[in-house]
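Q: Following this message is one structure expressed as structure tokens.
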Amino acid sequence: VVEAEKGAPQRERRMALFGAANSDDRATGRSLRNLVRPLAARLDKAWGAKGELLPPDCKPWAFEILAKERATKANLSRLMGGDSTPALLFTASHGMGFEMDDPRLLPHQGALLCQEWPGPRRWRQSIPEDHYFAAEDVGEDANLKSLIAFHFACYGAGTPKFDDYAHRESARHQIAPESFVSRLPMRLLSHPRGGALAVVGHIERAWSYSFDWKDAPQQLGVFTSAIGSLFDGYPIGAAMEYFNSRYAELSSDLSSEVERANYGWKTDFMSISGMWTANNDARSYVVLGDPAVRLSVR
């Protein structure tokens with residue numbers, strides 16, 4: 001962190017967006033269609049070669065999308081310390097999840113599932129390690145200096161001890177021996193050759209409510225504003241205030257709806273359940289690393 005703050009910038013102005021879209025899988029198809037592709041288009045329009053928000057005499061940002069057949073484990077390795085490592089990496093995929101007694105829980109929970117997985121209909125068995133990118137897949141010779149990574153994936157940042165969404169059960173459902181941080185971001189931040197500056201990820205499961213509501217897909221304002229703040233030189237902690245504000249807004253709206261229901265107002269309980277899920281989802285974004293770091297770009 002100190003080297004990035006005091007030394008010469010390490011990276012070109014390049015952002016890579018990695019989006020798996022596995023066969024017959026609605027979740028990854030939706031995240032590619034309503035998050036990755038439109039987010040790249042918005043950012044390019046604002047900060048790309050013809051960017052509307054690009055300051056005068058400022059070099060534009062370049063955007064690369066690795067989607068579907070390009071969203072492979074090998075290509076993800078090149079983006080995480082390999083020869084294609086960008087200044088900013090955004091991934092959208094499933095994050096691996098395991099039962100509490102599975103030996104893979106601690107080392108592989110939150111690992112990023114890649115395009116190698118054939119999808120839920122064609123693959124009905126345990127998912128092998130060559131289908132997902134885990135901490136040990138970050139090579140010893142990886143060059144991660146000055147990377148900031150954002151992983152939209154279940155358990156991408158960590159796992160709580162108890163399930164946040166088992167609301168109808170009489171007792172809290174335990175899903176891990178203790179709460180823990182996912183190993184992949186830990187590996188990225190603590191690499192012996194110099195780690196990434198910061199990793200943004202999700203605690204617990206990540207839901208499409210983050211960007212896609214019924215009758216209103218592509219709700220990208222929070223993502224666009226946060227990443228745009230990074231492009232404008234703000235620290236990652238300040239950029240994430242957009243996510244914090246969204247959580248505060250959802251919490252306020254949910255509280256009002258619950259109060260109305262408690263006092264007998266006619267209530268759409270499906271709407272409240274969606275709002276409750278979205279509220280839990282919104283509170284679960286975290287910054288791992290130093291929240292004061294900025295993009296270190298030429």
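By convention in this document, the chains of the structure tokens carry letters A, B, ... by their order, each chain's residues are numbered from 1, and ligands are numbered from 1 in the order they are shown.
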Quick one: residues within 12 Å of Pro38 of chain A, only C-alpha atoms counted, chain neighbours fewer than 3 positions away excluded, as a PyMOL selection string?

A: chain A and resi 17+19+30-35+41-45+65+211-212+217-221+223-224

Q: Write out as a list of chain:residue names each polymer residue whose atoms come within 9 Å of Phe133 of chain A, counting only C-alpha atoms; drop sequence neighbours fewer than 2 positions from it.

A: A:Lys73, A:Ala74, A:Leu76, A:Ser77, A:His108, A:Ala111, A:Leu112, A:Leu113, A:Cys114, A:Glu129, A:Asp130, A:His131, A:Ala135, A:Glu136, A:Asp137, A:Val138, A:Leu184

Q: Let me see the file: selected residues, N, CA and C atoms, as a JSON list (two decimals), in the first residue's frame.

A:
[["chain", "number", "residue", "atom", "x", "y", "z"],
["A", 73, "LYS", "N", -11.27, -20.49, -16.41],
["A", 73, "LYS", "CA", -10.35, -20.45, -15.27],
["A", 73, "LYS", "C", -8.97, -19.98, -15.71],
["A", 74, "ALA", "N", -8.53, -20.41, -16.89],
["A", 74, "ALA", "CA", -7.22, -19.99, -17.39],
["A", 74, "ALA", "C", -7.17, -18.48, -17.60],
["A", 76, "LEU", "N", -9.09, -16.26, -16.11],
["A", 76, "LEU", "CA", -9.17, -15.59, -14.82],
["A", 76, "LEU", "C", -7.81, -15.58, -14.13],
["A", 77, "SER", "N", -7.05, -16.63, -14.33],
["A", 77, "SER", "CA", -5.69, -16.67, -13.78],
["A", 77, "SER", "C", -4.82, -15.58, -14.37],
["A", 108, "HIS", "N", -12.10, -23.41, 0.18],
["A", 108, "HIS", "CA", -12.68, -23.14, -1.14],
["A", 108, "HIS", "C", -14.03, -22.42, -1.11],
["A", 111, "ALA", "N", -14.86, -19.51, -3.66],
["A", 111, "ALA", "CA", -14.07, -19.59, -4.88],
["A", 111, "ALA", "C", -14.97, -19.33, -6.09],
["A", 112, "LEU", "N", -14.41, -18.79, -7.16],
["A", 112, "LEU", "CA", -15.21, -18.29, -8.28],
["A", 112, "LEU", "C", -15.42, -19.40, -9.32],
["A", 113, "LEU", "N", -16.69, -19.75, -9.53],
["A", 113, "LEU", "CA", -17.05, -20.79, -10.50],
["A", 113, "LEU", "C", -16.95, -20.22, -11.91],
["A", 114, "CYS", "N", -16.24, -20.91, -12.78],
["A", 114, "CYS", "CA", -15.94, -20.39, -14.12],
["A", 114, "CYS", "C", -16.80, -21.08, -15.18],
["A", 129, "GLU", "N", -12.40, -29.20, -8.77],
["A", 129, "GLU", "CA", -11.61, -27.99, -8.59],
["A", 129, "GLU", "C", -11.23, -27.33, -9.91],
["A", 130, "ASP", "N", -11.18, -28.09, -11.00],
["A", 130, "ASP", "CA", -10.80, -27.46, -12.27],
["A", 130, "ASP", "C", -11.94, -26.66, -12.89],
["A", 131, "HIS", "N", -13.11, -26.61, -12.20],
["A", 131, "HIS", "CA", -14.22, -25.77, -12.66],
["A", 131, "HIS", "C", -14.24, -24.41, -11.95],
["A", 135, "ALA", "N", -8.03, -19.98, -3.95],
["A", 135, "ALA", "CA", -6.84, -19.26, -3.48],
["A", 135, "ALA", "C", -5.55, -19.89, -3.99],
["A", 136, "GLU", "N", -5.48, -21.23, -4.00],
["A", 136, "GLU", "CA", -4.24, -21.88, -4.43],
["A", 136, "GLU", "C", -3.98, -21.76, -5.92],
["A", 137, "ASP", "N", -4.98, -21.27, -6.67],
["A", 137, "ASP", "CA", -4.78, -21.06, -8.10],
["A", 137, "ASP", "C", -4.07, -19.75, -8.41],
["A", 138, "VAL", "N", -3.87, -18.90, -7.40],
["A", 138, "VAL", "CA", -3.05, -17.70, -7.56],
["A", 138, "VAL", "C", -1.59, -18.14, -7.43],
["A", 184, "LEU", "N", -9.66, -16.78, -0.96],
["A", 184, "LEU", "CA", -9.18, -16.15, -2.19],
["A", 184, "LEU", "C", -8.80, -14.69, -1.98]]

Q: What does the distance between atom CA of Asp163 of chain A and atom CA of Ala261 of chain A come to in Å, to one decimal place?

A: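 Answer for the atom CA of Asp163 of chain A to atom CA of Ala261 of chain A separation: 25.0 Å.
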
Q: Taking the backbone alone, and naming residues the way the document does, which bits of segment 13-260 of chain A are helix (DSSP H, G or I) by DSSP, as a PyMOL selection string?

A: chain A and resi 26-47+68-70+73-79+105-108+129-131+135-137+183-189+208-210+221-231+236-239+241-260

Q: Which polymer residues have any atom within 9 Å of an atom of Gln174 of chain A, counting only C-alpha atoms, with same-chain residues fewer than 5 positions away left out, as JSON, numbers by chain?

A: {"A": [100, 160, 161, 162, 163]}

Q: Let me make sure I understand: among A:Cys154, A:Ala4, A:Leu39, A:Met270, which one has the smallest atom-to-atom distance to Ala292 of chain A if we use only C-alpha atoms?

A: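 Selected residue with least distance to Ala292 of chain A: A:Ala4.
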
Q: At most 10 Å is the cut-off: for each residue in segment 174-230 of chain A with any atom that close to an atom of segment 276-287 of chain A, write down the nearest atom pair and the distance in Å rounded to one decimal, counting only C-alpha atoms, chain first then increasing number, as a Markdown table.

A:
| residue | atom | partner | partner_atom | distance |
| --- | --- | --- | --- | --- |
| A:Ala198 | CA | A:Val287 | CA | 6.8 |
| A:Val199 | CA | A:Val287 | CA | 6.0 |
| A:Val200 | CA | A:Val287 | CA | 4.6 |
| A:Gly201 | CA | A:Val286 | CA | 5.7 |
| A:His202 | CA | A:Tyr285 | CA | 4.7 |
| A:Ile203 | CA | A:Ser284 | CA | 5.0 |
| A:Glu204 | CA | A:Ser284 | CA | 7.2 |
| A:Arg205 | CA | A:Asp281 | CA | 7.5 |
| A:Ala206 | CA | A:Asp281 | CA | 6.2 |
| A:Trp207 | CA | A:Asp281 | CA | 6.3 |
| A:Ser208 | CA | A:Ala278 | CA | 8.5 |
| A:Tyr209 | CA | A:Ala278 | CA | 5.4 |
| A:Ser210 | CA | A:Ala282 | CA | 6.7 |
| A:Phe211 | CA | A:Ala278 | CA | 9.9 |
| A:Trp213 | CA | A:Ala278 | CA | 9.3 |

Q: When you count only C-alpha atoms, which of these residues is closest to Phe18 of chain A: A:Ala92, A:Val258, A:Met80, A:Ile127?

A: A:Ala92

Q: Just how far from atom CA of Ala239 of chain A is atom CA of Leu88 of chain A, in Å to one decimal?

A: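 Separating atom CA of Leu88 of chain A from atom CA of Ala239 of chain A is a distance of 13.4 Å.
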
Q: Would you compute the distance between atom CA of Ala166 of chain A and atom CA of Glu257 of chain A? Give it in Å to one decimal.

A: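 Going from atom CA of Ala166 of chain A over to atom CA of Glu257 of chain A, I get 20.4 Å.
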
Q: Excluding same-chain residues fewer than 6 positions from Gly110 of chain A, what lies within 9 Å of it counting only C-alpha atoms, as a PyMOL selection string?

A: chain A and resi 94-97+134+153-159+182-184+204
